[in-house]
file query-v4.pdb (PDB, C-alpha atoms)
ATOM      1  CA  MET H   1      55.820  21.795  23.169
ATOM      2  CA  GLN H   2      52.734  20.593  21.410
ATOM      3  CA  ASP H   3      50.757  17.500  20.563
ATOM      4  CA  ILE H   4      51.817  15.193  17.750
ATOM      5  CA  LYS H   5      49.691  12.909  15.580
ATOM      6  CA  ILE H   6      50.089   9.156  15.973
ATOM      7  CA  THR H   7      48.142   6.464  14.123
ATOM      8  CA  ILE H   8      47.288   3.419  16.210
ATOM      9  CA  ILE H   9      45.676   0.345  14.678
ATOM     10  CA  ASP H  10      43.763  -1.466  17.401
ATOM     11  CA  ARG H  11      43.423  -5.237  17.791
ATOM     12  CA  GLU H  12      40.240  -5.207  15.711
ATOM     13  CA  GLY H  13      42.115  -3.639  12.777
ATOM     14  CA  THR H  14      40.556  -0.170  13.147
ATOM     15  CA  SER H  15      42.883   2.764  12.552
ATOM     16  CA  HIS H  16      42.770   5.710  14.992
ATOM     17  CA  GLN H  17      44.646   8.972  14.487
ATOM     18  CA  VAL H  18      45.202  10.434  17.938
ATOM     19  CA  ASP H  19      46.848  13.478  19.465
ATOM     20  CA  ALA H  20      49.716  12.621  21.816
ATOM     21  CA  PRO H  21      51.216  15.235  24.125
ATOM     22  CA  THR H  22      54.972  15.717  24.032
ATOM     23  CA  ASP H  23      55.112  17.599  27.331
ATOM     24  CA  MET H  24      53.774  14.959  29.746
ATOM     25  CA  ASN H  25      56.507  12.288  29.547
ATOM     26  CA  MET H  26      53.935   9.750  28.359
ATOM     27  CA  ASN H  27      54.749   6.502  26.632
ATOM     28  CA  LEU H  28      52.830   4.852  23.803
ATOM     29  CA  MET H  29      51.125   2.365  26.133
ATOM     30  CA  GLU H  30      49.735   5.256  28.205
ATOM     31  CA  VAL H  31      48.432   6.956  25.057
ATOM     32  CA  VAL H  32      46.636   3.739  24.038
ATOM     33  CA  ARG H  33      45.107   3.482  27.507
ATOM     34  CA  SER H  34      44.061   7.146  27.611
ATOM     35  CA  TYR H  35      42.152   6.757  24.331
ATOM     36  CA  GLU H  36      40.746   3.359  25.461
ATOM     37  CA  LEU H  37      41.992   1.634  22.300
ATOM     38  CA  ALA H  38      42.362  -1.705  24.104
ATOM     39  CA  PRO H  39      39.985  -3.238  26.657
ATOM     40  CA  GLU H  40      40.785  -2.430  30.297
ATOM     41  CA  GLY H  41      43.199  -4.957  31.775
ATOM     42  CA  THR H  42      44.617  -6.090  28.421
ATOM     43  CA  ILE H  43      47.386  -3.543  27.945
ATOM     44  CA  GLY H  44      49.988  -2.306  30.385
ATOM     45  CA  VAL H  45      49.283  -5.102  32.839
ATOM     46  CA  CYS H  46      52.673  -4.660  34.552
ATOM     47  CA  GLY H  47      52.270  -0.879  34.730
ATOM     48  CA  GLY H  48      54.899  -0.108  32.112
ATOM     49  CA  MET H  49      57.858  -1.945  33.632
ATOM     50  CA  ALA H  50      58.692  -4.040  30.496
ATOM     51  CA  MET H  51      57.678  -7.185  32.378
ATOM     52  CA  CYS H  52      54.592  -8.507  30.567
ATOM     53  CA  ALA H  53      54.567  -7.646  26.818
ATOM     54  CA  SER H  54      50.831  -6.831  26.961
ATOM     55  CA  CYS H  55      51.631  -3.524  25.214
ATOM     56  CA  GLN H  56      53.571  -5.112  22.351
ATOM     57  CA  CYS H  57      53.030  -3.301  19.079
ATOM     58  CA  TYR H  58      54.347  -3.413  15.541
ATOM     59  CA  VAL H  59      55.995  -0.195  14.360
ATOM     60  CA  GLN H  60      54.841   0.345  10.770
ATOM     61  CA  SER H  61      56.419   3.709  10.002
ATOM     62  CA  ASP H  62      60.088   4.513   9.365
ATOM     63  CA  HIS H  63      60.621   6.515  12.558
ATOM     64  CA  GLU H  64      63.981   6.372  14.278
ATOM     65  CA  LEU H  65      63.102   5.095  17.745
ATOM     66  CA  PRO H  66      65.414   4.856  20.731
ATOM     67  CA  GLU H  67      67.425   1.666  20.834
ATOM     68  CA  MET H  68      65.736  -1.239  22.548
ATOM     69  CA  SER H  69      66.816  -1.712  26.165
ATOM     70  CA  TYR H  70      68.095  -5.017  27.489
ATOM     71  CA  ASP H  71      64.869  -5.527  29.496
ATOM     72  CA  GLU H  72      62.664  -4.842  26.473
ATOM     73  CA  ASP H  73      64.696  -7.203  24.295
ATOM     74  CA  LEU H  74      64.514  -9.907  26.973
ATOM     75  CA  MET H  75      60.740  -9.533  27.346
ATOM     76  CA  LEU H  76      60.134  -9.684  23.590
ATOM     77  CA  ALA H  77      62.289 -12.821  23.395
ATOM     78  CA  GLU H  78      59.664 -14.541  25.576
ATOM     79  CA  ALA H  79      56.527 -12.949  24.097
ATOM     80  CA  PHE H  80      54.051 -14.370  21.583
ATOM     81  CA  HIS H  81      53.375 -12.949  18.092
ATOM     82  CA  VAL H  82      56.779 -11.203  17.944
ATOM     83  CA  GLN H  83      57.810  -9.742  14.583
ATOM     84  CA  ASP H  84      60.944  -7.942  13.406
ATOM     85  CA  ASN H  85      59.224  -4.588  14.041
ATOM     86  CA  SER H  86      57.912  -5.475  17.516
ATOM     87  CA  ARG H  87      58.421  -3.024  20.378
ATOM     88  CA  LEU H  88      56.888  -2.599  23.816
ATOM     89  CA  GLY H  89      54.680   0.486  23.869
ATOM     90  CA  CYS H  90      55.675   1.231  27.462
ATOM     91  CA  GLN H  91      59.264   1.715  26.309
ATOM     92  CA  ILE H  92      58.443   4.217  23.537
ATOM     93  CA  HIS H  93      58.344   7.666  25.149
ATOM     94  CA  ILE H  94      56.454  10.291  23.170
ATOM     95  CA  ASN H  95      58.530  13.142  21.737
ATOM     96  CA  SER H  96      58.217  15.602  18.863
ATOM     97  CA  GLU H  97      60.284  13.441  16.460
ATOM     98  CA  MET H  98      57.526  10.802  16.579
ATOM     99  CA  ASP H  99      54.983  12.956  14.740
ATOM    100  CA  GLY H 100      53.283  10.684  12.200
ATOM    101  CA  LEU H 101      54.285   7.438  13.965
ATOM    102  CA  GLN H 102      52.140   4.480  12.957
ATOM    103  CA  VAL H 103      51.830   1.343  15.077
ATOM    104  CA  GLU H 104      49.590  -1.698  15.240
ATOM    105  CA  LEU H 105      48.755  -3.370  18.547
ATOM    106  CA  ALA H 106      49.861  -7.005  18.698
ATOM    107  CA  PRO H 107      47.202  -9.645  19.435
ATOM    108  CA  GLU H 108      46.301  -9.958  23.098
ATOM    109  CA  SER H 109      47.431 -13.549  23.599
TER     110      SER H 109
END
call {"tool": "encode", "arguments": {"input": "query-v4.pdb", "output": "structure tokens"}}
result
Amino acid sequence: MQDIKITIIDREGTSHQVDAPTDMNMNLMEVVRSYELAPEGTIGVCGGMAMCASCQCYVQSDHELPEMSYDEDLMLAEAFHVQDNSRLGCQIHINSEMDGLQVELAPES
């Protein structure tokens, strides 16, 4: 297993190409936190349990992602700034098929 490249556009509109490991069972929210691409306490507030939508992002690439779970769908139904391409970063687990993924972080509130 090896790292993949993911492009993350932060809430200021700055694009960051980062390396994401495929062998650590990380999710996208954890990658954002590890690179400090969102201020502390503004992403992953619930710890990745799909209960807060603080890690909502907009998937901008054509990657085939796992189907949205019931809990993720329910949380996004109550979140702000939701778009057709919205997903919760905590529910997107990093794997080799996601090489080249591009996402934009949703506004904080």
call {"tool": "atom_distance", "arguments": {"input": "query-v4.pdb", "atom1": "CA of Val32 (chain H)", "atom2": "CA of Gln56 (chain H)"}}
result
11.4 Å
call {"tool": "resolve_selection", "arguments": {"input": "query-v4.pdb", "expression": "the PyMOL selection byres ((chain H and resi 5) around 12)", "output": "list of chain:residue names"}}
result
H:Gln2, H:Asp3, H:Ile4, H:Ile6, H:Thr7, H:Ile8, H:His16, H:Gln17, H:Val18, H:Asp19, H:Ala20, H:Pro21, H:Thr22, H:Leu28, H:Val31, H:Ile94, H:Asn95, H:Ser96, H:Glu97, H:Met98, H:Asp99, H:Gly100, H:Leu101, H:Gln102, H:Val103
call {"tool": "resolve_selection", "arguments": {"input": "query-v4.pdb", "expression": "the PyMOL selection byres ((chain H and resi 93) around 6)", "output": "PyMOL selection string"}}
result
chain H and resi 26-27+92+94
call {"tool": "atom_distance", "arguments": {"input": "query-v4.pdb", "atom1": "CA of Asp10 (chain H)", "atom2": "CA of Ala77 (chain H)"}}
result
22.5 Å
call {"tool": "closest_residue", "arguments": {"input": "query-v4.pdb", "among": "H:Ile9, H:Cys90, H:Leu65, H:Cys52", "to": "Met29 (chain H)", "atoms": "all atoms listed in the file"}}
result
H:Cys90
call {"tool": "closest_residue", "arguments": {"input": "query-v4.pdb", "among": "H:Thr42, H:Asn25, H:Gln60, H:Ser109", "to": "Gln91 (chain H)", "atoms": "only C-alpha atoms"}}
result
H:Asn25
call {"tool": "closest_residue", "arguments": {"input": "query-v4.pdb", "among": "H:Asp71, H:Asp84, H:Glu40, H:Asp23", "to": "Cys57 (chain H)", "atoms": "all atoms listed in the file"}}
result
H:Asp84
call {"tool": "closest_residue", "arguments": {"input": "query-v4.pdb", "among": "H:Asn85, H:Ser15, H:Ser54, H:Ser34", "to": "Met68 (chain H)", "atoms": "all atoms listed in the file"}}
result
H:Asn85
call {"tool": "atom_distance", "arguments": {"input": "query-v4.pdb", "atom1": "CA of His81 (chain H)", "atom2": "CA of Gly41 (chain H)"}}
result
18.8 Å
call {"tool": "resolve_selection", "arguments": {"input": "query-v4.pdb", "expression": "the PyMOL selection byres ((chain H and resi 80) around 9)", "output": "PyMOL selection string"}}
result
chain H and resi 53+76-79+81-82+106-107+109
call {"tool": "closest_residue", "arguments": {"input": "query-v4.pdb", "among": "H:Glu64, H:Glu108, H:Glu72, H:Glu36", "to": "Gly89 (chain H)", "atoms": "only C-alpha atoms"}}
result
H:Glu72
call {"tool": "build_atoms", "arguments": {"input": "query-v4.pdb", "residues": "region 48-82 of chain H", "atoms": "N, CA and C atoms", "output": "tab-separated table (two decimals), keeping the file's coordinate frame"}}
result
chain	number	residue	atom	x	y	z
H	48	GLY	N	53.87	-0.77	32.92
H	48	GLY	CA	54.90	-0.11	32.11
H	48	GLY	C	56.32	-0.42	32.53
H	49	MET	N	56.53	-1.57	33.14
H	49	MET	CA	57.86	-1.94	33.63
H	49	MET	C	58.60	-2.91	32.70
H	50	ALA	N	58.09	-3.11	31.47
H	50	ALA	CA	58.69	-4.04	30.50
H	50	ALA	C	58.76	-5.45	31.06
H	51	MET	N	57.68	-5.87	31.75
H	51	MET	CA	57.68	-7.18	32.38
H	51	MET	C	56.54	-8.09	31.92
H	52	CYS	N	55.73	-7.65	30.94
H	52	CYS	CA	54.59	-8.51	30.57
H	52	CYS	C	54.33	-8.60	29.07
H	53	ALA	N	54.78	-7.68	28.28
H	53	ALA	CA	54.57	-7.65	26.82
H	53	ALA	C	53.11	-7.46	26.41
H	54	SER	N	52.23	-7.06	27.34
H	54	SER	CA	50.83	-6.83	26.96
H	54	SER	C	50.68	-5.60	26.07
H	55	CYS	N	51.69	-4.74	26.04
H	55	CYS	CA	51.63	-3.52	25.21
H	55	CYS	C	52.46	-3.66	23.93
H	56	GLN	N	52.79	-4.90	23.57
H	56	GLN	CA	53.57	-5.11	22.35
H	56	GLN	C	52.84	-4.52	21.14
H	57	CYS	N	53.60	-3.86	20.30
H	57	CYS	CA	53.03	-3.30	19.08
H	57	CYS	C	54.02	-3.48	17.94
H	58	TYR	N	53.53	-3.31	16.74
H	58	TYR	CA	54.35	-3.41	15.54
H	58	TYR	C	54.50	-2.01	14.97
H	59	VAL	N	55.72	-1.53	14.90
H	59	VAL	CA	56.00	-0.20	14.36
H	59	VAL	C	55.96	-0.28	12.84
H	60	GLN	N	55.03	0.44	12.21
H	60	GLN	CA	54.84	0.34	10.77
H	60	GLN	C	55.43	1.51	10.00
H	61	SER	N	55.82	2.56	10.68
H	61	SER	CA	56.42	3.71	10.00
H	61	SER	C	57.94	3.64	10.13
H	62	ASP	N	58.62	4.52	9.42
H	62	ASP	CA	60.09	4.51	9.36
H	62	ASP	C	60.75	5.35	10.45
H	63	HIS	N	60.07	5.63	11.52
H	63	HIS	CA	60.62	6.52	12.56
H	63	HIS	C	61.84	5.90	13.24
H	64	GLU	N	62.78	6.76	13.53
H	64	GLU	CA	63.98	6.37	14.28
H	64	GLU	C	63.61	6.38	15.76
H	65	LEU	N	63.47	5.20	16.34
H	65	LEU	CA	63.10	5.10	17.74
H	65	LEU	C	64.34	4.83	18.59
H	66	PRO	N	64.28	5.16	19.86
H	66	PRO	CA	65.41	4.86	20.73
H	66	PRO	C	65.74	3.37	20.68
H	67	GLU	N	67.00	3.06	20.86
H	67	GLU	CA	67.42	1.67	20.83
H	67	GLU	C	66.71	0.87	21.92
H	68	MET	N	66.42	-0.37	21.61
H	68	MET	CA	65.74	-1.24	22.55
H	68	MET	C	66.63	-1.52	23.76
H	69	SER	N	66.06	-1.42	24.94
H	69	SER	CA	66.82	-1.71	26.16
H	69	SER	C	66.97	-3.22	26.33
H	70	TYR	N	67.88	-3.60	27.19
H	70	TYR	CA	68.10	-5.02	27.49
H	70	TYR	C	66.81	-5.66	28.01
H	71	ASP	N	66.10	-4.98	28.92
H	71	ASP	CA	64.87	-5.53	29.50
H	71	ASP	C	63.78	-5.70	28.44
H	72	GLU	N	63.67	-4.74	27.54
H	72	GLU	CA	62.66	-4.84	26.47
H	72	GLU	C	63.00	-6.00	25.54
H	73	ASP	N	64.26	-6.12	25.16
H	73	ASP	CA	64.70	-7.20	24.30
H	73	ASP	C	64.43	-8.56	24.95
H	74	LEU	N	64.72	-8.67	26.22
H	74	LEU	CA	64.51	-9.91	26.97
H	74	LEU	C	63.03	-10.26	27.02
H	75	MET	N	62.18	-9.28	27.27
H	75	MET	CA	60.74	-9.53	27.35
H	75	MET	C	60.19	-9.97	26.00
H	76	LEU	N	60.61	-9.31	24.92
H	76	LEU	CA	60.13	-9.68	23.59
H	76	LEU	C	60.62	-11.07	23.19
H	77	ALA	N	61.77	-11.49	23.70
H	77	ALA	CA	62.29	-12.82	23.40
H	77	ALA	C	61.37	-13.91	23.95
H	78	GLU	N	60.56	-13.58	24.96
H	78	GLU	CA	59.66	-14.54	25.58
H	78	GLU	C	58.20	-14.34	25.19
H	79	ALA	N	57.91	-13.30	24.43
H	79	ALA	CA	56.53	-12.95	24.10
H	79	ALA	C	56.02	-13.75	22.90
H	80	PHE	N	54.70	-13.74	22.73
H	80	PHE	CA	54.05	-14.37	21.58
H	80	PHE	C	53.86	-13.34	20.47
H	81	HIS	N	53.69	-13.80	19.25
H	81	HIS	CA	53.38	-12.95	18.09
H	81	HIS	C	54.45	-11.91	17.80
H	82	VAL	N	55.70	-12.17	18.16
H	82	VAL	CA	56.78	-11.20	17.94
H	82	VAL	C	57.16	-11.17	16.47
